[in-house]
Amino acid sequence: MPDNRFFSRKGPFTLGELAERTGVRLSDSGAASKTVSDVAPLDVAKPSDLAFLDNRKYRDAFRATKAGACFVTEELVPLAPSGTVLLIGPKPYIAYARAAQLFYPEQRPAPFIAQTARIAEGCVIEEGSVIEHHVVIGAGATVGRNCWIEANAVIGAGVVLGDNCRVGANASVSHALIGSNVRLYPGVRVGQDGFGFAIDPSGYIKIPQLGRVVIEDNVEIGANTCIDRGAGPDTVIGRGTWIDNLVQIAHNVIIGKGCILAGQVGVAGSAVLEDYVVLAGQAGVAGHLRLGRGAKVGAQGGVLKNLEGGKEYMGSPCLPIRDNMRQIALLKRLVQKDKNKTD
Amino acid sequence: MPDNRFFSRKGPFTLGELAERTGVRLSDSGAASKTVSDVAPLDVAKPSDLAFLDNRKYRDAFRATKAGACFVTEELVPLAPSGTVLLIGPKPYIAYARAAQLFYPEQRPAPFIAQTARIAEGCVIEEGSVIEHHVVIGAGATVGRNCWIEANAVIGAGVVLGDNCRVGANASVSHALIGSNVRLYPGVRVGQDGFGFAIDPSGYIKIPQLGRVVIEDNVEIGANTCIDRGAGPDTVIGRGTWIDNLVQIAHNVIIGKGCILAGQVGVAGSAVLEDYVVLAGQAGVAGHLRLGRGAKVGAQGGVLKNLEGGKEYMGSPCLPIRDNMRQIALLKRLVQKDKNKTD
Amino acid sequence: MPDNRFFSRKGPFTLGELAERTGVRLSDSGAASKTVSDVAPLDVAKPSDLAFLDNRKYRDAFRATKAGACFVTEELVPLAPSGTVLLIGPKPYIAYARAAQLFYPEQRPAPFIAQTARIAEGCVIEEGSVIEHHVVIGAGATVGRNCWIEANAVIGAGVVLGDNCRVGANASVSHALIGSNVRLYPGVRVGQDGFGFAIDPSGYIKIPQLGRVVIEDNVEIGANTCIDRGAGPDTVIGRGTWIDNLVQIAHNVIIGKGCILAGQVGVAGSAVLEDYVVLAGQAGVAGHLRLGRGAKVGAQGGVLKNLEGGKEYMGSPCLPIRDNMRQIALLKRLVQKDKNKTD
């Protein structure tokens, strides 16, 4: 059970309500009024808990579970233990995600503006927002409805935040237009100057960085990630994209909808990621490249050329995944041959 | 045109003044009193805009531009459209950079010290400086003339900042001597203890870190970058060096003049980078190595040995660039041969 | 000599006291009352300084040193210069570390709670602690004895900090239980949501992250490093582990005792590092893997499979170190052959 010092639980919920709100059907319609009071993994769930099975690999845990109810797909129903009510649908993990959000909705403080916050003239703070201690908001900024700006964050002059945004502790944002339902985790840096200069023997000469950062709706940006503003064009993060911690997004980068960038990824200036691109941890993309829709790059992959969409790549420099695996296997064989020779 | 919520423009400027201040000559001396009111790329520039052409690749955009004036080299003059006044010199991009700085100089607030800032006893804050809300400055620190310390930054006891420095929001600095015209972006960490300990079965024993960070004039340090102080000797960042976001500089590292370190580069303890070394994104340098003057390491390159200066390197472990490219090509051929065999 | 603007020195100490407190013996028992007043490297040490020799490589510096006293092993005693008193024991570097801590103990401010700090109701701040300016502490948090929370740090509701902890400037901590003698450097992010979501065509659906971060005693966590809380289970950092700057630790990761993670390392979700694992700079570990006790991975290494303990690995994907070196050597030979052919 989650630690109640940090998490507070709603519920219990009836299985009927849960089935309806997650779009699945009950194995036993007579169980609609039965309640569950928490979510838990299959192996530790109690009769009062709701679990899920999403992967055939865990079928033994499923057979032995004591969970009172469980999300599951049609084809795994035959494996169910007798004491567990089943919530049957095609995507148990998604149904579970929605149910878990019902039990543990994000806990927001009641709306207030801390006396220690410093909000410059001409700002608009819409109703329902929380502005915590020592937040600083620059002139003419707009904070939408039901936003939550955590302690010691800094919002620059003119920045626009839509509704239901959350800005983490000690984060800073400038030169940015941000949609609704966007979440910036603690320590995020958005909108600072890109790395732009002309090389001259007398010293590098800064190119004024005259673009913005535009973040569309439903984006998450992980802790201590940095997104520089554009040099002239904007840096853009598309709707529904998720970015993990310690990621670097350089100036003029355009990221499409629904992309996933894992921890410590780096994307150099003016690169374009079309919709649904996935970059695994520590992958890097060189400047001015285009990655086609749905391209996936493995961990530590290095992208030095444009990538065709819909394919997977690995290695540095990255190759289509089968070529990369052939290369690794070939090297292994060559080294083995060499070893035999020298032994 | 840059978003006027974030950028305010100076000008218009006459072409005569612009030519003089950027050190170029006009194609038509009769146009010296003509004015331009903004900078813009060739393809979107209007007759009131100033553009530049630095790369033969864009000559078609140049031929078709509607820009009122354009920086260009002597040899590309013949391609110019008739309606555009030319500003002719050997380095159009540098001239453009200087002109863009005239139109869009850095916008600084008027000097003030926020009432919520906490400045300890014995500090010297020279005239012209801005100390924003919730800044904390430790005992005996010195802030030079015309500095700008952004909101929620923390400057430790005894730190010295020269003139015209800017410290970004939520940055922290301790144990450091910093020159003039230095800019630390938001979230930068300068001066914390290096990663130094003796390994003992009873637990690692911390080695007191007794050096400083010395940053010379005209250095830029990107968002969330970390520079640890020396263990005994100092960590040094040379004059005019530019460091991008999320870079790690360990204790005792010595970086020369005019080096460029791109995003997410890591330099391990006691490494020495001579002047004008360039490290591309995510490159790493192992401890106690020396990189000769002007050595360049490609993206994700791994430096495990000393590098001779004046050469380019790629790969992990890195090789001279031609050897690395041969290796990549050779592997490709071997894999292709192997594929043919198994098909 | 360390800069006295930043460091204040204790002492002088007699060699007798130093020998006793570091567990070594004096070469000349008559010198027990002789004093030294600082620590210094062999090559710059003066007769009033204490040095150490830990590596035969520096024996020439040892022969020529002017240090008044020096930690050294038994077998290097014959090389000692006549003017230097020797402090003889099996581990000179550890003895030196302990002596250096006597001369330069961590300098803590006297206990106080700044008036600008905001401490919510129901917090416990034990005696001896320092809470600097603009710190924000959430409801019900506990700060143990003799802790030091630096300026502008944010401690979330319910967080527990043991005794003698230090939280750096602008760091943030939430959903965490932290032991004693733990140090979080400036800008550290502990306890934010892990990167957990279900993929759905309508947009990614967040999985509530219901675990905590548990940090055991004597852990150090470097500047701007991020440690996400668990998704259900906890994220755990074992006793005495040292983590460097800009490291990413994802949700549910379990790190054992005495591990060392160098700068910019990344560990993906649910990975397990057994005790004494060492990851060099920029190394990465994929999700759900197990690294055996004492496994060591070289710089930029990529771990894509479980690793047997007690061995060293290099490369991406990583191999046992000898195989990796064979592979590098083999490639070199093949490229050389290829060069000869084409020349």
# chains A, B, ... in the order shown; residues from 1 in each chain; ligands from 1

$ closest_atom_pairs --of "segment 174-211 of chain C" --to "segment 226-236 of chain B" --cutoff "12 Å" --atoms "only C-alpha atoms" --output "tab-separated table"
residue	atom	partner	partner_atom	distance
C:Tyr185	CA	B:Cys226	CA	10.7
C:Pro186	CA	B:Cys226	CA	9.6
C:Gly187	CA	B:Cys226	CA	9.6
C:Val188	CA	B:Cys226	CA	11.3

$ write_last_selection --atoms "N, CA and C atoms" --output "mmCIF file, in the first residue's frame"
data_model
loop_
_atom_site.group_PDB
_atom_site.id
_atom_site.type_symbol
_atom_site.label_atom_id
_atom_site.label_comp_id
_atom_site.auth_asym_id
_atom_site.auth_seq_id
_atom_site.Cartn_x
_atom_site.Cartn_y
_atom_site.Cartn_z
ATOM 1 N N TYR C 185 23.903 17.509 -3.380
ATOM 2 C CA TYR C 185 24.577 18.712 -3.862
ATOM 3 C C TYR C 185 23.573 19.687 -4.489
ATOM 4 N N PRO C 186 24.028 20.885 -4.815
ATOM 5 C CA PRO C 186 23.101 21.872 -5.383
ATOM 6 C C PRO C 186 22.372 21.342 -6.627
ATOM 7 N N GLY C 187 21.114 21.689 -6.719
ATOM 8 C CA GLY C 187 20.341 21.359 -7.924
ATOM 9 C C GLY C 187 19.905 19.917 -8.046
ATOM 10 N N VAL C 188 20.158 19.104 -7.032
ATOM 11 C CA VAL C 188 19.707 17.702 -7.082
ATOM 12 C C VAL C 188 18.175 17.659 -7.103
#

$ interface_residues --of "chain A" --to "chain B" --cutoff "6 Å" --atoms "only C-alpha atoms" --output "list of chain:residue names"
A:Gly158, A:His175, A:Ala198, A:Ile207, A:Leu210, A:Gln327

$ select_by_dssp --residues "segment 67-213 of chain A" --states "strand (DSSP E or B)" --output "number ranges by chain"
A: 69-72, 85-88, 112-113, 118-119, 124-125, 130-131, 136-137, 142-143, 148-149, 154-155, 160-161, 166-167, 172-173, 176-178, 183-184, 189-190, 197-198, 205-206, 213

$ select_by_dssp --residues "segment 78-262 of chain A" --states "alpha helix (DSSP H)" --output "list in words"
Pro92, Tyr93, Ile94, Ala95, Tyr96, Ala97, Arg98, Ala99, Ala100, Gln101, Leu102 and Phe103 of chain A

$ closest_residue --among "A:Gly238, A:Cys318, A:Val136, A:Ile131" --to "Val182 of chain A" --atoms "only C-alpha atoms"
A:Gly238

$ residues_around --residues "Phe52 of chain B" --least-positions-apart "5" --cutoff "7 Å" --atoms "only C-alpha atoms" --output "list in words"
Leu42, Cys70, Phe71, Val72, Pro92, Tyr93 and Tyr96 of chain B

$ write_last_selection --atoms "N, CA and C atoms" --output "short mmCIF file (atom, residue, chain, number, x, y, z; two decimals), in the first residue's frame"
data_model
loop_
_atom_site.label_atom_id
_atom_site.label_comp_id
_atom_site.auth_asym_id
_atom_site.auth_seq_id
_atom_site.Cartn_x
_atom_site.Cartn_y
_atom_site.Cartn_z
N LEU B 42 17.06 35.53 -45.62
CA LEU B 42 16.91 35.90 -47.04
C LEU B 42 15.52 35.62 -47.61
N CYS B 70 21.77 43.47 -47.81
CA CYS B 70 22.26 42.13 -47.51
C CYS B 70 23.79 42.12 -47.38
N PHE B 71 24.29 41.51 -46.30
CA PHE B 71 25.73 41.28 -46.16
C PHE B 71 26.13 40.14 -47.10
N VAL B 72 27.24 40.31 -47.82
CA VAL B 72 27.66 39.31 -48.78
C VAL B 72 29.17 39.45 -49.04
N PRO B 92 30.49 37.78 -43.90
CA PRO B 92 29.11 38.29 -43.77
C PRO B 92 28.41 37.85 -42.49
N TYR B 93 28.72 36.65 -42.00
CA TYR B 93 28.00 36.16 -40.82
C TYR B 93 28.40 36.95 -39.58
N TYR B 96 26.80 40.26 -39.83
CA TYR B 96 25.39 40.12 -39.47
C TYR B 96 25.21 40.01 -37.96
#

$ residues_around --residues "segment 22-38 of chain A" --least-positions-apart "2" --cutoff "7 Å" --atoms "only C-alpha atoms" --output "PyMOL selection string"
chain A and resi 11-16+18-20+40+48-50+85-89+95+98-99+103

$ residues_around --residues "segment 284-297 of chain B" --least-positions-apart "4" --cutoff "7 Å" --atoms "only C-alpha atoms" --output "PyMOL selection string"
chain B and resi 265-280+301-314

$ write_last_selection --atoms "C-alpha atoms" --output "tab-separated table (two decimals), in the first residue's frame"
chain	number	residue	atom	x	y	z
B	265	VAL	CA	29.87	16.80	-22.95
B	266	GLY	CA	31.73	15.33	-19.97
B	267	VAL	CA	35.32	16.05	-18.96
B	268	ALA	CA	36.75	13.90	-16.16
B	269	GLY	CA	39.09	15.04	-13.42
B	270	SER	CA	42.46	16.69	-14.11
B	271	ALA	CA	42.08	16.61	-17.91
B	272	VAL	CA	43.69	19.48	-19.81
B	273	LEU	CA	42.14	21.01	-22.93
B	274	GLU	CA	44.55	23.34	-24.67
B	275	ASP	CA	43.27	26.45	-26.50
B	276	TYR	CA	40.57	26.13	-29.17
B	277	VAL	CA	39.67	22.51	-28.48
B	278	VAL	CA	36.18	21.61	-29.77
B	279	LEU	CA	34.10	18.79	-28.25
B	280	ALA	CA	30.84	17.97	-30.05
B	301	GLY	CA	33.37	10.60	-29.18
B	302	GLY	CA	35.24	8.94	-26.33
B	303	VAL	CA	38.73	10.22	-25.54
B	304	LEU	CA	40.81	7.61	-23.73
B	305	LYS	CA	44.30	8.78	-24.71
B	306	ASN	CA	46.09	12.09	-25.15
B	307	LEU	CA	45.21	13.74	-28.46
B	308	GLU	CA	47.57	15.57	-30.74
B	309	GLY	CA	46.37	19.09	-31.52
B	310	GLY	CA	45.05	20.41	-34.83
B	311	LYS	CA	43.33	17.18	-35.84
B	312	GLU	CA	39.83	15.77	-35.91
B	313	TYR	CA	38.75	12.61	-34.11
B	314	MET	CA	35.61	10.48	-34.02

$ atom_distance --atom1 "atom CA of Ile254 of chain C" --atom2 "atom CA of Arg212 of chain C"
11.8 Å

$ atom_distance --atom1 "atom CA of Cys165 of chain B" --atom2 "atom CA of Ile205 of chain A"
16.1 Å

$ residues_around --residues "Ser172 of chain A" --least-positions-apart "4" --cutoff "6 Å" --atoms "only C-alpha atoms" --output "list in words"
Ala153, Val154, Ile155 and Arg189 of chain A
